[in-house]
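K.L.:
Pasting a structure below so you can have a look.
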Number of protein chains: 2
Amino acid sequence: MAQSTASKVNETSRSSVGRDGVLDIAARLFREQGYGSVSLRKIAEAAGIKAGSIYYHFGSKDEIVAAVLDAGIRVVHASMRDAITDLRADTDGETVLRAAIRAHLRALLDVSDYTSANVRIFGQVPQSVRDANLPTRRAYEAEWDSLLSQLKKDGTLKQDVDIRRLRLMLIGTLNATLDWFDPDRGSADALSRTYADVFLNGILQRQDT
Amino acid sequence: MAQSTASKVNETSRSSVGRDGVLDIAARLFREQGYGSVSLRKIAEAAGIKAGSIYYHFGSKDEIVAAVLDAGIRVVHASMRDAITDLRADTDGETVLRAAIRAHLRALLDVSDYTSANVRIFGQVPQSVRDANLPTRRAYEAEWDSLLSQLKKDGTLKQDVDIRRLRLMLIGTLNATLDWFDPDRGSADALSRTYADVFLNGILQRQDT
DNA sequence: CTATTAACCTAACAGTCGTTAGTTAGGCGT
DNA sequence: ACGCCTAACTAACGACTGTTAGGTTAATAG
């Protein structure tokens, strides 16, 4: 009984990169080289197959890049949601915000080629592909707005902050890290602490002493 | 006498876009559409000439984009330097920093297609073009580091801030604005005030009352 | 053993790209 | 009037692009 239906979910027999393998490689190349300079032939070569073969798994290049973009948001969204959901119900607002920042930065810098590819190439892809990615984006943005609204309501944040503007500023700042981050100069976690410190308390020397 | 040597600096007779005209149009197209989807034929069409004619003014596409990138940094550098130089010598540190932030954001969002094109396409151009732009960038970065170091020394900023990291974070945040800024929702100046408020004082509600 | 199917390959298509060579038109100084 | 210079034009090149049609291979199911 143990091995009766063993080969039901086929593990692609011998080798064979498969749809997911192609997608992984595409995400990596997009992250490293941007959208314009990654051709289907480059993706195919990196995957060890020929360019035409990609059309067995995908209907077009747009379909590939759309899949990469969507997965990129879903990964960082799940990372951020899990991070704040795992906290105890009585956790103070500042700690929750710090956790969200850390989760976003981790997904972007440590974990996912999909998320970093999304941030890198979103501004380079055709309009239609951007549009297809918008619903997924909006859901993630809503998650942040919900968190920030809560923090404003419970008095953690100043009462005059504009939620939308703060969210754009915050995510924009985190994503911009991708342009210069060097893991040899410090971890993503250490960086997220610096970010949180600046955003929460500012950089001005206080005269409380 | 008034019109004696009038035609010394020739105004290109009748029509003729000229090198500067081509560069202006290239910068605008790069800002609007990114690097990959702007071909020489598109630039030529927008300039009212034919693709081959561009090679009278430039040796290659790389030369065009390199010129755009360099001008982009020079504009924002001059804008920022002038803004802080024009201030009285006894201006307090906070005000100086606010002026620098406003100047950078103005160049990026209001004034220059070159600066916005630079921010938009820098990550998309060939490595060699990026490298050619680096010296100009480093000069601008040094200007910021110099300003921030001064503010740290005179006690305006906290003593534990990392200058380089703060500069990367600050400029990254400002540049990220390009992705979502909508002049109908608020001016660049108003936005720069919000940015300065957040960076200087943070978003946390203080219990000083 | 045979039929099926998933996964890939080969070869070519029409289009676009940056780039080059040779040519043309018009204003300028002499 | 002459030749020069500036700023364009035309036409084509080879390389590369996304995409398609049809053929091949190997593992699996009956």
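In the structure tokens, chains take letters A, B, ... by order of appearance, with residues numbered from 1 within each chain and ligands from 1 in the order shown.
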What are the closest atom pairs, with distances in Å to one decimal, for each residue of chain A lying within 6 Å of chain B, using only C-alpha atoms, rows by chain and rising residue number, as JSON lines?
P.N.:
{"residue": "A:Gly36", "atom": "CA", "partner": "B:Gly36", "partner_atom": "CA", "distance": 5.4}
{"residue": "A:Thr156", "atom": "CA", "partner": "B:Gln205", "partner_atom": "CA", "distance": 5.7}
{"residue": "A:Leu157", "atom": "CA", "partner": "B:Leu204", "partner_atom": "CA", "distance": 4.7}
{"residue": "A:Lys158", "atom": "CA", "partner": "B:Gln205", "partner_atom": "CA", "distance": 4.5}
{"residue": "A:Gly172", "atom": "CA", "partner": "B:Ala176", "partner_atom": "CA", "distance": 5.2}
{"residue": "A:Thr173", "atom": "CA", "partner": "B:Thr173", "partner_atom": "CA", "distance": 4.5}
{"residue": "A:Ala176", "atom": "CA", "partner": "B:Gly172", "partner_atom": "CA", "distance": 5.2}
{"residue": "A:Phe199", "atom": "CA", "partner": "B:Gly202", "partner_atom": "CA", "distance": 4.9}
{"residue": "A:Leu200", "atom": "CA", "partner": "B:Gly202", "partner_atom": "CA", "distance": 4.5}
{"residue": "A:Asn201", "atom": "CA", "partner": "B:Gly202", "partner_atom": "CA", "distance": 4.1}
{"residue": "A:Gly202", "atom": "CA", "partner": "B:Gly202", "partner_atom": "CA", "distance": 3.9}
{"residue": "A:Ile203", "atom": "CA", "partner": "B:Leu200", "partner_atom": "CA", "distance": 5.1}
{"residue": "A:Leu204", "atom": "CA", "partner": "B:Leu157", "partner_atom": "CA", "distance": 4.7}
{"residue": "A:Gln205", "atom": "CA", "partner": "B:Lys158", "partner_atom": "CA", "distance": 4.5}
K.L.:
Least-squares fit chain A onto chain B by Cα, in order, and just send back the RMSD.
P.N.:
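0.3 Å is the C-alpha RMSD between the two chains.
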K.L.:
Using only C-alpha atoms (C1' of nucleotides), I'd like a table of the residues in chain C that come within 12 Å of range 43-49 of chain A; for each, show the closest atom pair and its distance in Å rounded to one decimal, ordered by chain and ascending number, as a Markdown table.
P.N.:
| residue | atom | partner | partner_atom | distance |
| --- | --- | --- | --- | --- |
| C:DA7 | C1' | A:Ile49 | CA | 10.1 |
| C:DC8 | C1' | A:Ile49 | CA | 7.5 |
| C:DC9 | C1' | A:Ile49 | CA | 8.7 |
K.L.:
Give me the residues near DA11 in chain C as an MDAnalysis selection string, where near means some atom within 12 Å (using only C-alpha atoms (C1' of nucleotides)) and where sequence neighbours in that chain fewer than 5 positions away do not count.
P.N.:
(chainID A and resid 52) or (chainID D and resid 20:23)
K.L.:
Kindly export the residues of the current selection with C-alpha atoms (C1' of nucleotides), as a compact mmCIF listing (two decimals), in the first residue's frame.
P.N.:
# COMPACT_ATOMS: atom_id res chain seq x y z
CA GLY A 52 11.40 27.53 -28.15
C1' DT D 20 5.46 29.46 -34.25
C1' DA D 21 5.14 24.80 -36.45
C1' DG D 22 6.43 20.41 -36.62
C1' DG D 23 9.49 16.69 -35.16
K.L.:
Could you list, as number ranges by chain, the residues of chain D having an atom within 9 Å of chain A when counting only C-alpha atoms (C1' of nucleotides)?
P.N.:
D: 17-20, 27
K.L.:
Take the residues just selected and output them with N, CA and C atoms (P, O5', C5', C4', C3', O3' and C1' of nucleotides) as a CSV table (one decimal), in the first residue's frame.
P.N.:
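Final file, again_22.csv:
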chain,number,residue,atom,x,y,z
D,17,DT,P,18.7,38.6,-27.8
D,17,DT,O5',17.2,38.9,-28.1
D,17,DT,C5',16.7,40.2,-28.1
D,17,DT,C4',15.3,40.3,-28.7
D,17,DT,C3',14.4,39.1,-28.3
D,17,DT,O3',13.8,39.4,-27.1
D,17,DT,C1',14.2,39.6,-30.6
D,18,DG,P,13.1,38.2,-26.2
D,18,DG,O5',11.7,38.0,-26.9
D,18,DG,C5',10.8,39.1,-27.0
D,18,DG,C4',9.6,38.7,-27.9
D,18,DG,C3',8.7,37.5,-27.4
D,18,DG,O3',7.4,37.8,-27.6
D,18,DG,C1',9.6,37.0,-29.5
D,19,DT,P,6.3,36.7,-27.1
D,19,DT,O5',6.2,35.8,-28.4
D,19,DT,C5',5.9,36.4,-29.7
D,19,DT,C4',5.9,35.3,-30.8
D,19,DT,C3',5.1,34.0,-30.4
D,19,DT,O3',4.0,33.9,-31.2
D,19,DT,C1',7.2,33.6,-31.6
D,20,DT,P,2.9,32.7,-30.9
D,20,DT,O5',3.3,31.7,-32.1
D,20,DT,C5',3.4,32.2,-33.4
D,20,DT,C4',3.8,31.1,-34.4
D,20,DT,C3',3.1,29.7,-34.1
D,20,DT,O3',2.5,29.3,-35.3
D,20,DT,C1',5.5,29.5,-34.2
D,27,DA,P,13.9,7.5,-19.4
D,27,DA,O5',12.6,7.4,-18.4
D,27,DA,C5',12.0,8.6,-18.0
D,27,DA,C4',10.5,8.5,-18.0
D,27,DA,C3',10.0,7.3,-17.2
D,27,DA,O3',9.1,7.7,-16.2
D,27,DA,C1',8.9,7.6,-19.3
K.L.:
Please identify all polymer residues within 12 Å of DG3 in chain D, counting only C-alpha atoms (C1' of nucleotides), omitting same-chain residues fewer than 6 positions from it, and present them as an NGL selection string.
P.N.:
:C and (28-30)
K.L.:
Using 8 Å as the limit and counting only C-alpha atoms (C1' of nucleotides), can you tabulate each residue of chain A that touches chain C, with its shortest atom-to-atom distance in Å and the two atoms involved, as a Markdown table?
P.N.:
| residue | atom | partner | partner_atom | distance |
| --- | --- | --- | --- | --- |
| A:Ser16 | CA | C:DA7 | C1' | 7.2 |
| A:Gly18 | CA | C:DA7 | C1' | 8.0 |
| A:Ile49 | CA | C:DC8 | C1' | 7.5 |
| A:Lys50 | CA | C:DC9 | C1' | 7.2 |
| A:Ser53 | CA | C:DC8 | C1' | 6.0 |
| A:Tyr56 | CA | C:DA7 | C1' | 7.7 |
K.L.:
To one decimal place, how far is CA of His57 in chain A from CA of Val22 in chain A in Å?
P.N.:
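CA of His57 in chain A sits 8.5 Å away from CA of Val22 in chain A.
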K.L.:
Just to confirm, what's the straight-line distance from CA of Ala132 in chain B to CA of Ala66 in chain B in Å (one decimal)?
P.N.:
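Those two atoms sit 7.1 Å apart.
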K.L.:
Between CA of Thr136 in chain B and CA of Glu32 in chain A, what is the distance in Å, rounded to a tenth?
P.N.:
24.0 Å
K.L.:
So that I can see what lies close to Ala103 in chain B, please list as a PDB file with C-alpha atoms, in the first residue's frame the residues with an atom at most 6 Å from it, counting only C-alpha atoms (C1' of nucleotides) and leaving out residues fewer than 3 positions away in the same chain.
P.N.:
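File produced: out_10.pdb:
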ATOM      1  CA  SER B  79      20.548  72.737  -7.167  1.00  0.00           C
ATOM      2  CA  MET B  80      21.464  71.292  -3.790  1.00  0.00           C
ATOM      3  CA  ALA B 100      19.019  70.402   0.885  1.00  0.00           C
ATOM      4  CA  ARG B 106      12.691  70.002  -6.674  1.00  0.00           C
TER       5      ARG B 106
END
K.L.:
Could you pull the residues within 7 Å of Ser192 in chain A, counting only C-alpha atoms (C1' of nucleotides), minus those fewer than 4 positions along the same chain, as a short mmCIF file (atom, residue, chain, number, x, y, z; two decimals) with N, CA and C atoms, in the first residue's frame?
P.N.:
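Contents of around12.cif, as written:
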data_model
loop_
_atom_site.label_atom_id
_atom_site.label_comp_id
_atom_site.auth_asym_id
_atom_site.auth_seq_id
_atom_site.Cartn_x
_atom_site.Cartn_y
_atom_site.Cartn_z
N ILE A 101 8.61 46.04 9.25
CA ILE A 101 9.74 46.55 8.48
C ILE A 101 10.78 45.46 8.26
N ARG A 102 11.07 44.72 9.33
CA ARG A 102 12.07 43.66 9.21
C ARG A 102 11.62 42.59 8.21
N LEU A 105 11.97 43.81 4.58
CA LEU A 105 13.36 43.90 4.18
C LEU A 105 13.98 42.51 4.01
N ALA A 188 20.60 42.33 6.70
CA ALA A 188 19.32 42.98 6.46
C ALA A 188 18.63 43.29 7.78
N ALA A 196 14.08 51.44 11.26
CA ALA A 196 13.03 51.64 12.26
C ALA A 196 13.41 52.77 13.22
#
K.L.:
Name the residues of range 101-198 of chain A that fall into helix (DSSP H, G or I) according to DSSP on the backbone, using the chain letters and numbers of this document, as JSON, numbers by chain.
P.N.:
{"A": [101, 102, 103, 104, 105, 106, 107, 108, 109, 110, 111, 113, 114, 115, 116, 117, 118, 119, 120, 121, 122, 123, 124, 127, 128, 129, 130, 131, 132, 133, 134, 135, 136, 137, 138, 139, 140, 141, 142, 143, 144, 145, 146, 147, 148, 149, 150, 151, 152, 153, 163, 164, 165, 166, 167, 168, 169, 170, 171, 172, 173, 174, 175, 176, 177, 178, 179, 183, 184, 185, 188, 189, 190, 191, 192, 193, 194, 195, 196, 197, 198]}
